[in-house]
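Participant: Below you will find the structure I want to go over with you.
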Amino acid sequence: MQKKQVMVVDDHKHIRQLINDILRKTRRYEVVPAISGEACMRKLHEQPIDLVLLDIQMQGMDGLETLKKIKQFSPNLPVIIMTAHGTIERAVDSMKTGSYDFLTKPFSSERLLVTVENALSASALKSEVQDLRSELKGKYTFSNIIGQSGVMQDVFRAVEKVVDSDVTVLIQGESGTGKELIARAIHRHSKRKNKPFRPVNCTALPESLLESELFGHEKGAYTGAANRRVGKFELADGGTIFLDEIGDMSQPIQAKVLRVLQEREFERLGGNSLIKVDIRLISATNKDLWEEVVAGSFREDLYYRVSVFPIKLPPLRERKDDIPLLAEYFIKKYSERESKTIQKIDSEVIRILSGYHWPGNVRELENTIERAVVITNTPVLTVEDLPPHILAIGRESVVEPEESLPKWIEKLEVEVLRKTLLEYEGNISKAAKKLGIGRATIYRKAKKYRLPISR
Ligand SMILES: Nc1ncnc2c1ncn2[C@@H]1O[C@H](COP(=O)(O)OP(=O)(O)OP(=O)(O)O)[C@@H](O)[C@H]1O
Ligand SMILES: [Mg+2]
């Protein structure tokens, strides 16, 4: 076990010496002496300290003042106040300022050791609780989900709200924004965590197969059903079922799913016994599900059932401050897998990654980093490790100054148009909208400067 660092702040040498001898004898503590409040503060900035023993009556900055400074610097650092006879009231004041305990001089070595031990174990407990809380509040990460941007912090808070209950969650977001990751995180932190999490992708299967995937079938239910099959609703019993791309579900299946949600029971295809299930439903879609309702392709009653608690995952281009952290995370992940040591990522790389618009969101960023880590043969990731289309858009424009303003403006204009057209894959309408100018203008300029446009 590592020795704990205890700082002893007292202006009397013999007291420092005495405490030093008692603590060191146990071999559990290192003692860091300080002769004044000023020295204490300086040393706190210089080295890690686990506990402070602080004399209340000192020359210069006195004990209470020092205590205030310590608490400002490190609110959770435990401090034990040492008082002499007659200063008991000040010791009480010190407790109000946040000292953990106090010792009245003279004290026995046992009393000292017990007080120190208690203070350290209370502080260890407190920091464990705080670790747990900050994992839940997910400073920048919430069970492998990275996000320091305000919008992702909102998502973490939303997740925190739903983990304790069985509320039905709908996660909406573009492809690759992390919908499945969120669904799994909710399950993992819920009371159902020891029961199954069963994802079903509603797009991947044709209607008839999806139906038996969800509800199962009896032997001979249809041609080719040689054996009984247990469906995902049944397999998820006690746990969570995740309906991915729920917006792509056909109307007949929507009706059946609605019934399960209402009755919590169903029959296997070709079967006639009712199966009861206890499930939590999380669904995800990259569509605007309400628009599907308006368009008549998604049942309104099912919409209300599945969207009780909606969580919106913003596209990566709307939370660019997450990019450096995500890049770092994926570099670590893939360099470990590839057994490579990547010590550094070129700052130009981060700039380019932040300048790109990531239509494939976090998945695209992850794939880009994976590829870069695989191909690089130096310990530094550089722009050479990035694919050309990302370089072309993400690169800061380096428009060299020209001798005249009109020439300079023209050069800038070409650069802006080129970047925007690349970003929208040559789509004139989208580029025009982004730049706030007419389609005809873009078309004319693109012709003039020979920029890529699609027809
Ligand atoms: N915030 C994040 N932190 C770390 N990894 C992330 C984050 N968001 C997404 N990822 C990673 O990106 C990839 C895509 O995430 P996921 O499969 O959850 O997205 P999705 O929204 O379900 O995409 P699709 O709609 O295409 O199914 C996964 O490898 C996931 O681990
Ligand atoms: Mg997905």
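In the structure tokens, the first chain shown is A, the next is B, and so on; residue numbers restart at 1 for each chain, and ligands run from 1 in the order shown.
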What are the DSSP strand (DSSP E) residues of segment 172-285 of chain A, as number ranges by chain?
Facilitator: A: 172-173, 197-201, 216-217, 229-230, 240-244, 265-266, 275-276, 280-285
Participant: Residues at most 10 Å from ligand 1, using only C-alpha atoms and all ligand atoms? Could they come as a PyMOL selection string?
Facilitator: chain A and resi 140-148+152+171-184+201+244-245+284-287+313+315-316+322-323+325-327+329-330+360-367
Participant: Which one of A:Asp321, A:Arg198, A:Ser404, A:Ile369 sits closest to Pro387 of chain A if you count only C-alpha atoms?
Facilitator: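 The closest residue to Pro387 of chain A is A:Ile369.
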Participant: For segment 263-269 of chain A, work out the shell of residues within 7 Å, counting only C-alpha atoms and skipping chain neighbours fewer than 4 positions away, then give it as a list in words.
Facilitator: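 Here the answer would be Ser212, Phe215, Gly216, His217, Glu218, Ala221, Arg259, Ser273, Leu274, Ile275, Lys276, Val277 and Asp278 of chain A.
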Participant: Grab the residues selected above and save them as a short mmCIF file (atom, residue, chain, number, x, y, z; two decimals), in the first residue's frame with N, CA and C atoms.
Facilitator:
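The new file out_32.cif reads:
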data_model
loop_
_atom_site.label_atom_id
_atom_site.label_comp_id
_atom_site.auth_asym_id
_atom_site.auth_seq_id
_atom_site.Cartn_x
_atom_site.Cartn_y
_atom_site.Cartn_z
N SER A 212 -41.40 -12.82 -37.15
CA SER A 212 -41.06 -13.97 -36.33
C SER A 212 -39.83 -13.69 -35.46
N PHE A 215 -41.73 -11.93 -32.48
CA PHE A 215 -42.72 -12.66 -31.69
C PHE A 215 -42.48 -14.17 -31.64
N GLY A 216 -41.58 -14.66 -32.48
CA GLY A 216 -41.33 -16.10 -32.52
C GLY A 216 -42.41 -16.82 -33.31
N HIS A 217 -42.22 -18.10 -33.54
CA HIS A 217 -43.28 -18.86 -34.23
C HIS A 217 -43.28 -20.30 -33.73
N GLU A 218 -44.40 -20.94 -33.96
CA GLU A 218 -44.52 -22.37 -33.62
C GLU A 218 -44.06 -23.20 -34.80
N ALA A 221 -45.69 -23.07 -38.46
CA ALA A 221 -46.50 -21.85 -38.55
C ALA A 221 -46.62 -21.38 -39.99
N ARG A 259 -49.87 -3.70 -29.58
CA ARG A 259 -50.62 -4.59 -28.70
C ARG A 259 -49.74 -5.12 -27.56
N SER A 273 -51.28 -19.89 -27.46
CA SER A 273 -51.20 -19.59 -26.03
C SER A 273 -50.59 -18.21 -25.84
N LEU A 274 -51.14 -17.50 -24.87
CA LEU A 274 -50.66 -16.14 -24.61
C LEU A 274 -49.37 -16.17 -23.81
N ILE A 275 -48.43 -15.37 -24.25
CA ILE A 275 -47.16 -15.29 -23.53
C ILE A 275 -47.07 -13.94 -22.88
N LYS A 276 -46.84 -13.94 -21.59
CA LYS A 276 -46.74 -12.66 -20.86
C LYS A 276 -45.28 -12.25 -20.77
N VAL A 277 -45.02 -10.97 -20.97
CA VAL A 277 -43.63 -10.52 -20.84
C VAL A 277 -43.54 -9.24 -20.01
N ASP A 278 -42.40 -9.14 -19.34
CA ASP A 278 -42.09 -7.92 -18.59
C ASP A 278 -40.88 -7.29 -19.28
#
Participant: Of the candidates A:Asn427, A:Thr168, A:Ser74, A:Thr378, which shows the shortest atom-to-atom distance to Ile241 of chain A, using only C-alpha atoms?
Facilitator: A:Thr168
Participant: Measuring atom to atom with only C-alpha atoms and all ligand atoms, identify which of A:Gln57, A:Gly231, A:Thr83, A:Leu243 is nearest to ligand 2.
Facilitator: A:Leu243
Participant: Taking only C-alpha atoms and all ligand atoms into account, name the residue in A:Cys202, A:Val374, A:Leu353, A:Leu261 that is nearest to ligand 2.
Facilitator: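 Closest to ligand 2 of all the choices is A:Cys202.
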Participant: Need to verify the contact set: Thr115 of chain A, 9 Å, only C-alpha atoms, exclusion of same-chain residues closer than 5 positions in sequence. Can you return it as number ranges by chain?
Facilitator: A: 80, 101-103, 110, 120
Participant: Considering only C-alpha atoms, return as a PyMOL selection string whatever protein or nucleic-acid residues lie within 9 Å of Lys191 of chain A, sequence-local ones (same chain, fewer than 3 positions apart) excluded.
Facilitator: chain A and resi 163-166+187-188+194-195+239
Participant: May I ask which of the residues A:Asn118, A:Ser283, A:Asn272, A:Gln2 is the closest one to ligand 2, counting only C-alpha atoms and all ligand atoms?
Facilitator: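 With only C-alpha atoms and all ligand atoms as the atom set, the closest residue is A:Ser283.
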Participant: Counting only C-alpha atoms, what is within 7 Å of Ile428 of chain A, bar same-chain residues fewer than 6 positions away, as a PyMOL selection string?
Facilitator: chain A and resi 439+442-443+453
Participant: May I have the residues within 7 Å of Gln343 of chain A as a PyMOL selection string, using only C-alpha atoms and disregarding those fewer than 2 positions away in the same chain?
Facilitator: chain A and resi 341+379-380
Participant: With C-alpha atoms retained, could you export that selection as a PDB file, in the first residue's frame?
Facilitator:
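File produced: again-v7.pdb:
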ATOM      1  CA  THR A 341       2.183   3.810 -29.415  1.00  0.00           C
ATOM      2  CA  PRO A 379       4.299   7.836 -33.282  1.00  0.00           C
ATOM      3  CA  VAL A 380       2.661  11.084 -34.397  1.00  0.00           C
TER       4      VAL A 380
END
